[in-house]
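Enquirer: If it helps, the file is called structure29.txt and holds compact mmCIF, C-alpha atoms:
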# COMPACT_ATOMS: atom_id res chain seq x y z
CA MET G 1 -22.87 -9.88 -24.54
CA TYR G 2 -20.19 -8.39 -22.32
CA GLY G 3 -16.45 -8.79 -22.46
CA THR G 4 -13.19 -7.05 -23.26
CA THR G 5 -10.64 -7.16 -26.03
CA ARG G 6 -6.93 -7.58 -25.63
CA ALA G 7 -4.67 -4.60 -26.24
CA THR G 8 -2.82 -4.46 -29.57
CA ALA G 9 0.41 -3.24 -27.95
CA GLU G 10 2.01 -5.08 -25.05
CA SER G 11 0.89 -3.82 -21.67
CA VAL G 12 3.11 -4.70 -18.71
CA VAL G 13 2.27 -4.72 -14.99
CA GLY G 14 4.68 -5.59 -12.18
CA VAL G 15 3.62 -7.57 -9.11
CA VAL G 16 5.60 -7.45 -5.86
CA ALA G 17 4.36 -10.04 -3.34
CA ASN G 18 6.09 -10.37 0.02
CA PRO G 19 5.92 -13.99 1.27
CA GLU G 20 6.94 -12.90 4.80
CA SER G 21 4.36 -10.16 5.38
CA GLY G 22 1.61 -10.80 7.90
CA ARG G 23 3.73 -13.01 10.15
CA ASP G 24 5.28 -10.72 12.76
CA VAL G 25 5.16 -10.82 16.57
CA ARG G 26 1.66 -9.34 16.70
CA ARG G 27 0.40 -12.87 16.18
CA LEU G 28 1.68 -13.55 19.69
CA VAL G 29 0.96 -10.31 21.54
CA ALA G 30 -2.37 -9.47 19.89
CA TRP G 31 -4.97 -11.32 17.81
CA ALA G 32 -3.61 -10.78 14.31
CA SER G 33 -4.31 -13.62 11.90
CA VAL G 34 -1.67 -15.30 9.77
CA PHE G 35 -1.55 -14.31 6.09
CA THR G 36 -0.64 -17.63 4.49
CA ILE G 37 1.11 -18.28 1.18
CA ALA G 38 -2.11 -19.89 -0.06
CA ASP G 39 -4.05 -16.71 0.80
CA LYS G 40 -1.59 -14.60 -1.18
CA CYS G 41 -1.66 -16.93 -4.18
CA SER G 42 -5.46 -16.82 -4.25
CA ILE G 43 -5.42 -13.02 -4.14
CA LEU G 44 -2.93 -12.83 -7.01
CA VAL G 45 -4.80 -15.26 -9.26
CA ARG G 46 -7.99 -13.23 -8.92
CA LEU G 47 -6.08 -10.01 -9.54
CA ILE G 48 -4.12 -11.31 -12.55
CA LYS G 49 -7.25 -12.73 -14.19
CA ALA G 50 -8.74 -9.24 -13.97
CA LEU G 51 -5.56 -7.68 -15.37
CA GLY G 52 -5.84 -9.96 -18.38
CA ALA G 53 -9.50 -9.11 -18.90
CA THR G 54 -8.54 -5.46 -19.40
CA GLY G 55 -5.83 -6.23 -21.97
CA VAL G 56 -2.67 -6.56 -19.89
CA THR G 57 -0.42 -8.99 -21.79
CA ARG G 58 2.57 -9.48 -19.48
CA VAL G 59 2.97 -9.62 -15.69
CA LEU G 60 6.43 -9.38 -14.11
CA MET G 61 7.01 -11.04 -10.73
CA ILE G 62 10.01 -11.33 -8.44
CA PRO G 63 11.19 -14.81 -7.39
CA ASP G 64 10.60 -15.69 -3.74
CA ARG G 65 11.42 -18.47 -1.32
CA GLY G 66 7.77 -18.83 -0.38
CA GLY G 67 6.98 -20.12 -3.87
CA ILE G 68 4.34 -17.49 -4.70
CA ALA G 69 5.67 -16.53 -8.13
CA ASP G 70 6.25 -20.16 -9.14
CA TRP G 71 2.74 -21.14 -8.01
CA VAL G 72 1.10 -18.31 -9.95
CA GLU G 73 3.13 -19.03 -13.09
CA ARG G 74 2.33 -22.75 -12.89
CA THR G 75 -1.37 -22.01 -12.40
CA GLY G 76 -1.42 -20.10 -15.67
CA ARG G 77 0.21 -22.98 -17.50
CA THR G 78 -1.70 -25.91 -16.06
CA SER G 79 -5.22 -24.69 -15.26
CA THR G 80 -8.12 -24.45 -17.70
CA PRO G 81 -6.93 -22.38 -20.69
CA ASP G 82 -7.87 -18.73 -20.34
CA PRO G 83 -7.31 -16.58 -23.46
CA CYS G 84 -7.06 -13.50 -21.28
CA TRP G 85 -4.45 -14.88 -18.86
CA PRO G 86 -1.31 -12.70 -19.24
CA ARG G 87 2.14 -14.15 -19.75
CA ILE G 88 3.83 -14.48 -16.34
CA VAL G 89 7.53 -13.60 -16.35
CA ILE G 90 9.57 -14.29 -13.22
CA LEU G 91 12.51 -11.90 -13.11
CA ASP G 92 15.99 -13.37 -13.18
CA MET G 93 17.45 -11.98 -9.97
CA PRO G 94 18.96 -13.25 -6.71
CA VAL G 95 16.66 -13.77 -3.71
CA GLU G 96 17.83 -12.44 -0.35
CA ASN G 97 14.53 -12.90 1.51
CA SER G 98 14.60 -9.29 2.70
CA HIS G 99 13.38 -5.86 1.65
CA ILE G 100 16.19 -5.82 -0.92
CA ASP G 101 14.10 -8.19 -3.06
CA ALA G 102 11.23 -5.69 -3.24
CA VAL G 103 13.57 -2.78 -4.00
CA ARG G 104 15.60 -4.62 -6.63
CA GLY G 105 12.50 -6.15 -8.22
CA THR G 106 10.73 -2.79 -8.45
CA GLU G 107 13.72 -1.21 -10.14
CA ARG G 108 13.85 -4.02 -12.70
CA MET G 109 10.13 -3.82 -13.37
CA MET G 110 10.42 -0.11 -14.09
CA ALA G 111 13.37 -0.73 -16.41
CA ALA G 112 11.29 -3.36 -18.24
CA GLY G 113 8.51 -0.85 -18.94
CA ALA G 114 5.90 -1.69 -16.28
CA SER G 115 3.04 0.80 -16.49
CA ALA G 116 1.89 0.06 -12.94
CA ILE G 117 3.06 -2.05 -10.00
CA VAL G 118 0.82 -4.09 -7.71
CA VAL G 119 2.21 -4.44 -4.18
CA LEU G 120 0.84 -7.28 -2.03
CA GLY G 121 2.17 -6.86 1.49
CA GLY G 122 2.02 -4.84 4.66
CA ASP G 123 2.93 -1.20 5.18
CA GLY G 124 6.63 -2.06 5.31
CA THR G 125 6.57 -3.73 1.90
CA GLN G 126 4.58 -0.83 0.47
CA ARG G 127 7.19 1.58 1.87
CA TRP G 128 10.16 -0.15 0.27
CA VAL G 129 8.50 -0.26 -3.15
CA ALA G 130 7.38 3.37 -2.84
CA SER G 131 10.93 4.45 -2.03
CA VAL G 132 12.13 3.53 -5.54
CA CYS G 133 9.03 3.47 -7.81
CA GLY G 134 9.40 7.08 -8.99
CA GLU G 135 6.40 8.16 -11.08
CA THR G 136 5.13 4.62 -11.71
CA PRO G 137 1.68 4.29 -10.08
CA LEU G 138 1.14 1.67 -7.39
CA MET G 139 -1.83 -0.51 -6.56
CA PRO G 140 -1.36 -1.31 -2.84
CA VAL G 141 -3.10 -4.55 -1.84
CA PRO G 142 -3.36 -5.47 1.87
CA GLY G 143 -1.16 -8.38 2.86
CA GLY G 144 0.20 -7.49 6.29
CA THR G 145 -1.03 -6.84 9.82
CA ASN G 146 -2.38 -3.30 10.16
CA ASN G 147 -2.49 -2.36 6.45
CA ALA G 148 -2.88 1.37 7.05
CA PHE G 149 -1.58 2.42 3.61
CA PRO G 150 -3.42 0.03 1.25
CA GLU G 151 -7.16 0.46 1.11
CA HIS G 152 -9.21 -2.72 1.38
CA CYS G 153 -10.65 -3.83 -1.96
CA GLU G 154 -11.53 -7.16 -3.58
CA PRO G 155 -8.45 -8.14 -5.64
CA THR G 156 -10.57 -8.68 -8.75
CA ILE G 157 -11.63 -5.03 -8.68
CA ALA G 158 -8.09 -3.90 -7.89
CA GLY G 159 -6.91 -5.86 -10.94
CA LEU G 160 -9.52 -4.29 -13.20
CA ALA G 161 -8.62 -0.78 -12.04
CA THR G 162 -4.88 -1.42 -12.44
CA GLY G 163 -5.35 -2.90 -15.89
CA LEU G 164 -7.49 -0.03 -17.13
CA VAL G 165 -4.72 2.40 -16.14
CA ALA G 166 -1.84 0.24 -17.36
CA THR G 167 -3.39 -0.23 -20.80
CA GLY G 168 -4.11 3.49 -21.17
CA LYS G 169 -7.88 3.07 -21.31
CA ILE G 170 -8.06 5.59 -18.46
CA PRO G 171 -5.30 8.24 -18.33
CA ARG G 172 -3.13 8.32 -15.24
CA SER G 173 -3.99 11.96 -14.62
CA ALA G 174 -7.63 11.00 -14.07
CA ALA G 175 -6.95 7.82 -12.14
CA THR G 176 -4.20 8.40 -9.61
CA LEU G 177 -3.61 10.20 -6.33
CA ARG G 178 -0.27 11.68 -5.32
CA ASN G 179 0.39 10.70 -1.71
CA LYS G 180 2.11 12.58 1.06
CA VAL G 181 5.05 10.95 2.79
CA LEU G 182 7.12 11.60 5.88
CA ARG G 183 10.87 11.91 5.36
CA VAL G 184 13.29 11.32 8.22
CA GLU G 185 16.70 12.95 7.80
CA VAL G 186 19.64 11.93 9.96
CA ASN G 187 22.44 14.51 10.32
CA GLY G 188 21.09 16.33 7.26
CA GLY G 189 22.01 13.40 5.05
CA HIS G 190 20.53 9.91 4.75
CA ARG G 191 16.77 9.90 4.30
CA HIS G 192 14.19 7.33 5.28
CA ILE G 193 10.53 7.53 4.28
CA ALA G 194 7.28 6.55 5.94
CA LEU G 195 4.00 6.36 4.06
CA VAL G 196 1.69 6.68 7.07
CA ASP G 197 3.40 7.45 10.38
CA VAL G 198 6.69 8.11 12.13
CA VAL G 199 6.78 7.22 15.83
CA VAL G 200 9.45 8.23 18.33
CA SER G 201 10.04 5.55 20.97
CA ARG G 202 12.14 5.40 24.13
CA ASP G 203 13.37 1.96 23.07
CA LEU G 204 17.12 1.73 22.60
CA TRP G 205 17.15 -1.19 20.16
CA ALA G 206 14.97 -2.53 17.37
CA GLY G 207 14.12 -5.89 18.94
CA SER G 208 11.25 -7.52 17.07
CA ARG G 209 10.79 -4.24 15.10
CA ALA G 210 6.98 -4.20 15.20
CA LEU G 211 5.47 -1.74 17.71
CA TRP G 212 2.41 -2.60 19.77
CA ASP G 213 3.18 -1.33 23.30
CA ALA G 214 2.14 2.31 23.81
CA ASN G 215 4.01 2.70 27.12
CA ASN G 216 7.34 3.53 25.49
CA LEU G 217 6.00 5.88 22.81
CA ASP G 218 6.73 9.62 23.00
CA GLN G 219 5.55 11.20 19.73
CA ILE G 220 3.55 10.29 16.64
CA PHE G 221 3.77 12.08 13.28
CA VAL G 222 1.27 11.14 10.56
CA ALA G 223 0.95 11.95 6.87
CA PHE G 224 -2.70 10.87 6.92
CA ALA G 225 -5.01 9.01 9.28
CA GLY G 226 -8.64 7.98 9.12
CA PRO G 227 -11.05 7.21 11.96
CA CYS G 228 -11.16 3.55 10.88
CA ALA G 229 -7.37 3.17 10.93
CA LEU G 230 -5.70 0.26 12.72
CA GLY G 231 -2.24 0.73 14.17
CA LEU G 232 -0.33 3.72 15.48
CA SER G 233 -2.01 6.14 13.07
CA SER G 234 -5.32 5.27 14.76
CA VAL G 235 -4.35 7.71 17.53
CA ALA G 236 -4.48 10.57 15.03
CA GLY G 237 -7.50 9.11 13.27
CA LEU G 238 -9.55 9.09 16.46
CA LEU G 239 -8.22 12.45 17.65
CA ARG G 240 -8.23 14.57 14.49
CA PRO G 241 -8.62 12.69 11.19
CA VAL G 242 -6.29 13.78 8.39
CA PRO G 243 -7.43 12.88 4.84
CA ARG G 244 -4.89 11.85 2.22
CA SER G 245 -5.97 14.80 0.07
CA VAL G 246 -5.19 17.68 2.49
CA ASP G 247 -1.84 19.48 2.46
CA HIS G 248 -0.91 18.92 6.09
CA GLY G 249 -0.16 16.13 8.54
CA LEU G 250 -0.38 15.86 12.31
CA ARG G 251 2.07 15.79 15.20
CA ILE G 252 0.97 14.29 18.52
CA ASP G 253 2.98 14.47 21.77
CA LEU G 254 2.09 11.66 24.14
CA ALA G 255 2.03 11.31 27.92
CA PRO G 256 1.35 8.48 30.39
CA PRO G 257 -2.45 7.96 30.47
CA GLN G 258 -2.61 8.62 34.21
CA HIS G 259 -1.08 12.11 33.72
CA ALA G 260 -2.45 13.05 30.28
CA LYS G 261 -4.87 15.84 29.44
CA LEU G 262 -6.83 13.39 27.28
CA THR G 263 -6.81 9.61 27.00
CA LEU G 264 -7.96 7.70 23.91
CA ASN G 265 -8.65 3.98 23.65
CA CYS G 266 -6.91 3.13 20.38
CA PRO G 267 -6.75 -0.07 18.27
CA LEU G 268 -2.97 -0.49 17.92
CA ALA G 269 -3.20 -4.02 16.49
CA PRO G 270 -5.94 -6.55 15.70
CA GLY G 271 -7.85 -7.21 18.91
CA LEU G 272 -5.57 -4.89 20.91
CA VAL G 273 -7.27 -1.71 22.20
CA VAL G 274 -5.16 0.24 24.70
CA PRO G 275 -5.29 3.66 26.42
CA VAL G 276 -3.00 6.28 24.89
CA GLY G 277 -2.41 9.59 26.69
CA ILE G 278 -2.41 12.82 24.64
CA GLU G 279 -0.45 15.89 25.75
CA HIS G 280 -0.28 18.13 22.66
CA VAL G 281 -1.55 18.16 19.05
CA GLU G 282 -0.63 20.37 16.12
CA GLU G 283 -0.73 20.31 12.33
CA MET G 284 2.43 19.45 10.41
CA LEU G 285 3.20 21.78 7.51
CA CYS G 286 4.86 20.52 4.35
CA GLY G 287 8.61 21.06 4.33
CA ALA G 288 8.94 22.28 7.92
CA PRO G 289 11.41 20.34 10.11
CA TYR G 290 10.11 18.66 13.27
CA ARG G 291 12.54 17.17 15.77
CA PRO G 292 12.04 14.53 18.47
CA ARG G 293 11.68 15.72 22.06
CA LEU G 294 13.78 12.84 23.33
CA PRO G 295 17.59 13.06 23.28
CA GLY G 296 17.78 9.47 22.04
CA GLY G 297 15.75 6.40 21.22
CA MET G 298 14.30 4.59 18.22
CA ILE G 299 12.24 5.88 15.32
CA ALA G 300 9.64 3.56 13.86
CA LEU G 301 8.58 3.92 10.23
CA ASP G 302 5.04 2.72 9.53
CA GLY G 303 5.02 0.71 12.75
CA GLU G 304 8.49 -0.85 12.54
CA ARG G 305 11.57 0.28 14.48
CA GLU G 306 14.19 1.27 11.92
CA VAL G 307 16.31 4.29 12.96
CA GLU G 308 18.34 4.65 16.14
CA PHE G 309 19.17 8.20 17.19
CA GLY G 310 21.09 9.99 19.94
CA CYS G 311 24.80 10.54 20.62
CA GLY G 312 25.05 13.49 18.28
CA ARG G 313 22.72 12.16 15.57
CA ASP G 314 20.44 15.05 14.60
CA VAL G 315 17.02 13.94 13.34
CA ALA G 316 14.54 16.02 11.34
CA ILE G 317 11.08 14.79 10.29
CA ARG G 318 9.42 16.54 7.34
CA LEU G 319 6.10 16.14 5.56
CA ASP G 320 6.48 15.97 1.77
CA ASP G 321 3.59 16.13 -0.68
CA GLY G 322 5.66 14.54 -3.45
CA GLY G 323 5.18 10.90 -2.52
CA PRO G 324 4.21 7.96 -4.75
CA PHE G 325 1.20 7.86 -7.03
CA THR G 326 -1.47 5.29 -6.20
CA ILE G 327 -4.39 4.17 -8.34
CA ASP G 328 -7.75 5.37 -7.05
CA THR G 329 -9.86 2.25 -7.53
CA CYS G 330 -13.25 3.89 -7.01
CA LYS G 331 -12.45 6.75 -9.37
CA VAL G 332 -11.21 4.36 -12.08
CA MET G 333 -14.21 2.05 -11.85
CA ALA G 334 -16.65 4.98 -11.90
CA GLN G 335 -14.97 6.25 -15.07
CA ALA G 336 -15.10 2.75 -16.57
CA ALA G 337 -18.85 2.65 -15.95
CA ARG G 338 -19.41 6.10 -17.48
CA ASP G 339 -17.36 5.26 -20.58
CA ASP G 340 -18.60 1.65 -21.00
CA LEU G 341 -14.98 0.44 -20.88
CA LEU G 342 -15.99 -3.05 -19.76
CA ALA G 343 -18.96 -3.35 -22.14
CA THR G 344 -19.28 -4.85 -25.63
CA ARG G 345 -22.51 -4.34 -27.57
CA ARG G 346 -23.59 -6.52 -30.45
CA SER G 347 -24.41 -4.40 -33.46
CA ASP G 348 -27.17 -6.81 -34.52
CA TYR G 349 -28.89 -6.89 -31.11
CA ARG G 350 -32.69 -6.51 -31.47
CA GLY G 351 -33.86 -7.24 -27.93
CA GLY G 352 -35.27 -4.76 -25.47
CA GLY G 353 -34.80 -6.57 -22.20
CA LEU G 354 -31.96 -4.48 -20.72
CA TYR G 355 -33.25 -1.80 -18.39
CA GLY G 356 -32.62 1.68 -19.74
CA PHE G 357 -31.50 0.51 -23.20
CA ASP G 358 -33.57 1.55 -26.18
CA SER G 359 -34.54 -1.33 -28.49
CA ALA G 360 -33.17 -1.08 -32.03
CA GLU G 361 -36.78 -1.27 -33.22
CA SER G 362 -38.08 1.61 -31.06
Any chance you could give the structure as structure tokens?

Expert:
Amino acid sequence: MYGTTRATAESVVGVVANPESGRDVRRLVAWASVFTIADKCSILVRLIKALGATGVTRVLMIPDRGGIADWVERTGRTSTPDPCWPRIVILDMPVENSHIDAVRGTERMMAAGASAIVVLGGDGTQRWVASVCGETPLMPVPGGTNNAFPEHCEPTIAGLATGLVATGKIPRSAATLRNKVLRVEVNGGHRHIALVDVVVSRDLWAGSRALWDANNLDQIFVAFAGPCALGLSSVAGLLRPVPRSVDHGLRIDLAPPQHAKLTLNCPLAPGLVVPVGIEHVEEMLCGAPYRPRLPGGMIALDGEREVEFGCGRDVAIRLDDGGPFTIDTCKVMAQAARDDLLATRRSDYRGGGLYGFDSAES
């Protein structure tokens, strides 16, 4: 018989779910699919059931106008009784339907003793939570368009891995990865962060925020990039992949494809593969300042225009290896298998039918 036991002490996990992620303009200019509220609710139910199976007793959620938190809480109350279903607590806080909700909710979850925070959303949502989560480990779950930061994983497995860390069955030191981030400083003061990439654009206003047109791009800076990446970091991933684990990033200077030394066909959004011209490539060293070539324009953080510069605004971009901790799902589940953390053996078992198990009579 297999199963798990509930923890004796209360184990708390926070869940930040963005109801607006996965709905930007790339549904019109590319072939991105819509991430519906129903999709997100289904993901969270699977994940929370797995959290409960590992011994997590309480899940904190932020209220939202999409009704995600209410739907999940109601499901726990009205569906078939599940002894492992954690208590769902919706935080008492105002809803502004903006990134402020994710920031404020994360801060309250940390104050309430959350041992880990699940983030369901796109790269922008992940960035806002990461900017305030401190040392609390994150479980990023894809819920946006390009999803370059969260790794794709069945939510049930993500819930098991998160729960095993949150309940202390696997120590954080053996289960988490410290991520690099890119920090953008304006006039030596206010800092913005990007988890994946910083892009310098010739655009003079934010517009729809999401970037998909390579014609106005001048430079790309990445903290990491894989060859299977989707989005702006795919340029680096196809040119010179940068693993999360190495101590450097990459800077790429762009040029019009018709004049470039090298042209790459890059997947900048779902179903959108476009030529991108490459002029220069070099590694980014941690701590060193890198400045835009353009005298003015817009800086996009993880694919969204956020920072206007020019007119005396000095901008420095730095790679920092002190970013947020994330839970390494594969590492956690491998450790769980080695240590039988999801197994329960009957002491009176006398059968011999399980492959590799010695019978009690042998």

Enquirer: Could you name the residues that touch Cys266 (chain G) at 7 Å or less, counting only C-alpha atoms, but leaving out those on the same chain fewer than 5 positions away, as an MDAnalysis selection string?

Expert: chainID G and resid 234:235 273:276

Enquirer: Please save C-alpha atoms of the selected residues as a PDB file, in the frame of the given file.

Expert:
ATOM      1  CA  SER G 234      -5.320   5.270  14.760  1.00  0.00           C
ATOM      2  CA  VAL G 235      -4.350   7.710  17.530  1.00  0.00           C
ATOM      3  CA  VAL G 273      -7.270  -1.710  22.200  1.00  0.00           C
ATOM      4  CA  VAL G 274      -5.160   0.240  24.700  1.00  0.00           C
ATOM      5  CA  PRO G 275      -5.290   3.660  26.420  1.00  0.00           C
ATOM      6  CA  VAL G 276      -3.000   6.280  24.890  1.00  0.00           C
TER       7      VAL G 276
END

Enquirer: Which distance in Å separates CA of Val12 (chain G) and CA of Ile90 (chain G), to one decimal?

Expert: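 Going from CA of Val12 (chain G) over to CA of Ile90 (chain G), I get 12.8 Å.
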
Enquirer: Interatomic distance between CA of His259 (chain G) and CA of Asn146 (chain G)?

Expert: 28.2 Å

Enquirer: Please compute the CA of Val186 (chain G)-CA of Pro289 (chain G) distance, one decimal, in Å.

Expert: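 Those two atoms sit 11.8 Å apart.
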
Enquirer: Using only C-alpha atoms, determine which residues lie at most 7 Å from Val45 (chain G), disregarding the query and same-chain residues fewer than 4 positions distant; provide the list as a VMD selection string.

Expert: chain G and resid 41 49 72

Enquirer: Measuring atom to atom with only C-alpha atoms, identify which of G:Ile88, G:Cys330, G:Ala225, G:Ala300 is nearest to His192 (chain G).

Expert: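 Residue with the minimum atom-to-atom distance to His192 (chain G): G:Ala300.
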
Enquirer: Would you mind telling me which residue in G:Trp31, G:Ala175, G:Thr167, G:Ala148 lies nearest to Phe224 (chain G) when using only C-alpha atoms?

Expert: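 Closest to Phe224 (chain G), using only C-alpha atoms: G:Ala148.
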
Enquirer: Looking at all atoms listed in the file, which of G:Gly249, G:Pro256, G:Pro267, G:Pro81 is the one that sits closest to Gly287 (chain G)?

Expert: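 When distances to Gly287 (chain G) are compared using all atoms listed in the file, the smallest one comes from G:Gly249.
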
Enquirer: Out of G:Gly52, G:Thr78, G:Ala161, G:Leu47, which residue has the shortest atom-to-atom distance to Glu10 (chain G) when counting all atoms listed in the file?

Expert: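 Ranking G:Gly52, G:Thr78, G:Ala161, G:Leu47 by distance to Glu10 (chain G), first place goes to G:Gly52.
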
Enquirer: Check the smallest atom-to-atom distance from each of G:His152, G:Lys169, G:Arg108, G:Arg178 to Val246 (chain G) using all atoms listed in the file, then report the winner.

Expert: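 That would be G:Arg178, the residue with the smallest distance to Val246 (chain G).
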
Enquirer: Counting all atoms listed in the file, figure out which residue out of G:Pro137, G:Pro19, G:Gly144, G:Pro324 gets nearest to Ala210 (chain G).

Expert: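 Result for the nearest residue to Ala210 (chain G): G:Gly144.
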
Enquirer: Can you tell me, as number ranges by chain, what residues are no more than 12 Å from region 75-77 of chain G when counting only C-alpha atoms, ignoring any on the same chain fewer than 4 positions away?

Expert: G: 41-42, 44-46, 48-49, 52, 58-59, 68-71, 81-89

Enquirer: Please provide as a PyMOL selection string all residues within 7 Å of Pro241 (chain G), with the sequence filter that same-chain residues fewer than 5 positions apart are discarded (counting only C-alpha atoms).

Expert: chain G and resi 225-227+236

Enquirer: Quick one: residues within 10 Å of Ala223 (chain G), all atoms listed in the file counted, chain neighbours fewer than 5 positions away excluded, as a list in words?

Expert: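 The neighbour list is Asn179, Lys180, Val181, Leu182, Ala194, Leu195, Val196, Asp197, Val198, Ser233, Ala236, Val242, Pro243, Arg244, Val246, Asp247, His248, Gly249, Leu250, Arg251, Met284, Cys286, Arg318, Leu319, Asp320 and Asp321 of chain G.
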
Enquirer: Please return region 144-164 of chain G, rebuilt to N, CA and C atoms, as a PDB file, keeping the file's coordinate frame.

Expert:
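New file out-v8.pdb:
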ATOM      1  N   GLY G 144      -0.576  -7.521   5.061  1.00  0.00           N
ATOM      2  CA  GLY G 144       0.200  -7.490   6.290  1.00  0.00           C
ATOM      3  C   GLY G 144      -0.681  -7.553   7.519  1.00  0.00           C
ATOM      4  N   THR G 145      -0.306  -6.799   8.545  1.00  0.00           N
ATOM      5  CA  THR G 145      -1.030  -6.840   9.820  1.00  0.00           C
ATOM      6  C   THR G 145      -2.011  -5.682   9.931  1.00  0.00           C
ATOM      7  N   ASN G 146      -1.492  -4.450   9.980  1.00  0.00           N
ATOM      8  CA  ASN G 146      -2.380  -3.300  10.160  1.00  0.00           C
ATOM      9  C   ASN G 146      -2.887  -2.735   8.837  1.00  0.00           C
ATOM     10  N   ASN G 147      -2.066  -2.792   7.782  1.00  0.00           N
ATOM     11  CA  ASN G 147      -2.490  -2.360   6.450  1.00  0.00           C
ATOM     12  C   ASN G 147      -3.107  -0.972   6.452  1.00  0.00           C
ATOM     13  N   ALA G 148      -2.369  -0.002   6.994  1.00  0.00           N
ATOM     14  CA  ALA G 148      -2.880   1.370   7.050  1.00  0.00           C
ATOM     15  C   ALA G 148      -2.777   2.067   5.696  1.00  0.00           C
ATOM     16  N   PHE G 149      -1.748   1.746   4.904  1.00  0.00           N
ATOM     17  CA  PHE G 149      -1.580   2.420   3.610  1.00  0.00           C
ATOM     18  C   PHE G 149      -2.479   1.862   2.520  1.00  0.00           C
ATOM     19  N   PRO G 150      -2.520   0.548   2.297  1.00  0.00           N
ATOM     20  CA  PRO G 150      -3.420   0.030   1.250  1.00  0.00           C
ATOM     21  C   PRO G 150      -4.865   0.057   1.704  1.00  0.00           C
ATOM     22  N   GLU G 151      -5.747   0.457   0.798  1.00  0.00           N
ATOM     23  CA  GLU G 151      -7.160   0.460   1.110  1.00  0.00           C
ATOM     24  C   GLU G 151      -7.742  -0.913   0.767  1.00  0.00           C
ATOM     25  N   HIS G 152      -8.663  -1.387   1.580  1.00  0.00           N
ATOM     26  CA  HIS G 152      -9.210  -2.720   1.380  1.00  0.00           C
ATOM     27  C   HIS G 152     -10.131  -2.743   0.159  1.00  0.00           C
ATOM     28  N   CYS G 153      -9.888  -3.709  -0.723  1.00  0.00           N
ATOM     29  CA  CYS G 153     -10.650  -3.830  -1.960  1.00  0.00           C
ATOM     30  C   CYS G 153     -10.532  -5.261  -2.453  1.00  0.00           C
ATOM     31  N   GLU G 154     -11.595  -5.828  -2.982  1.00  0.00           N
ATOM     32  CA  GLU G 154     -11.530  -7.160  -3.580  1.00  0.00           C
ATOM     33  C   GLU G 154     -10.462  -7.164  -4.676  1.00  0.00           C
ATOM     34  N   PRO G 155      -9.539  -8.127  -4.660  1.00  0.00           N
ATOM     35  CA  PRO G 155      -8.450  -8.140  -5.640  1.00  0.00           C
ATOM     36  C   PRO G 155      -8.911  -8.131  -7.095  1.00  0.00           C
ATOM     37  N   THR G 156     -10.058  -8.717  -7.377  1.00  0.00           N
ATOM     38  CA  THR G 156     -10.570  -8.680  -8.750  1.00  0.00           C
ATOM     39  C   THR G 156     -10.798  -7.249  -9.200  1.00  0.00           C
ATOM     40  N   ILE G 157     -11.373  -6.431  -8.332  1.00  0.00           N
ATOM     41  CA  ILE G 157     -11.630  -5.030  -8.680  1.00  0.00           C
ATOM     42  C   ILE G 157     -10.322  -4.254  -8.759  1.00  0.00           C
ATOM     43  N   ALA G 158      -9.396  -4.548  -7.836  1.00  0.00           N
ATOM     44  CA  ALA G 158      -8.090  -3.900  -7.890  1.00  0.00           C
ATOM     45  C   ALA G 158      -7.377  -4.227  -9.203  1.00  0.00           C
ATOM     46  N   GLY G 159      -7.514  -5.474  -9.674  1.00  0.00           N
ATOM     47  CA  GLY G 159      -6.910  -5.860 -10.940  1.00  0.00           C
ATOM     48  C   GLY G 159      -7.530  -5.148 -12.119  1.00  0.00           C
ATOM     49  N   LEU G 160      -8.852  -5.016 -12.118  1.00  0.00           N
ATOM     50  CA  LEU G 160      -9.520  -4.290 -13.200  1.00  0.00           C
ATOM     51  C   LEU G 160      -9.055  -2.832 -13.245  1.00  0.00           C
ATOM     52  N   ALA G 161      -9.024  -2.189 -12.082  1.00  0.00           N
ATOM     53  CA  ALA G 161      -8.620  -0.780 -12.040  1.00  0.00           C
ATOM     54  C   ALA G 161      -7.173  -0.613 -12.494  1.00  0.00           C
ATOM     55  N   THR G 162      -6.286  -1.502 -12.043  1.00  0.00           N
ATOM     56  CA  THR G 162      -4.880  -1.420 -12.440  1.00  0.00           C
ATOM     57  C   THR G 162      -4.738  -1.632 -13.940  1.00  0.00           C
ATOM     58  N   GLY G 163      -5.450  -2.620 -14.470  1.00  0.00           N
ATOM     59  CA  GLY G 163      -5.350  -2.900 -15.890  1.00  0.00           C
ATOM     60  C   GLY G 163      -5.870  -1.767 -16.759  1.00  0.00           C
ATOM     61  N   LEU G 164      -6.947  -1.134 -16.352  1.00  0.00           N
ATOM     62  CA  LEU G 164      -7.490  -0.030 -17.130  1.00  0.00           C
ATOM     63  C   LEU G 164      -6.513   1.142 -17.196  1.00  0.00           C
TER      64      LEU G 164
END
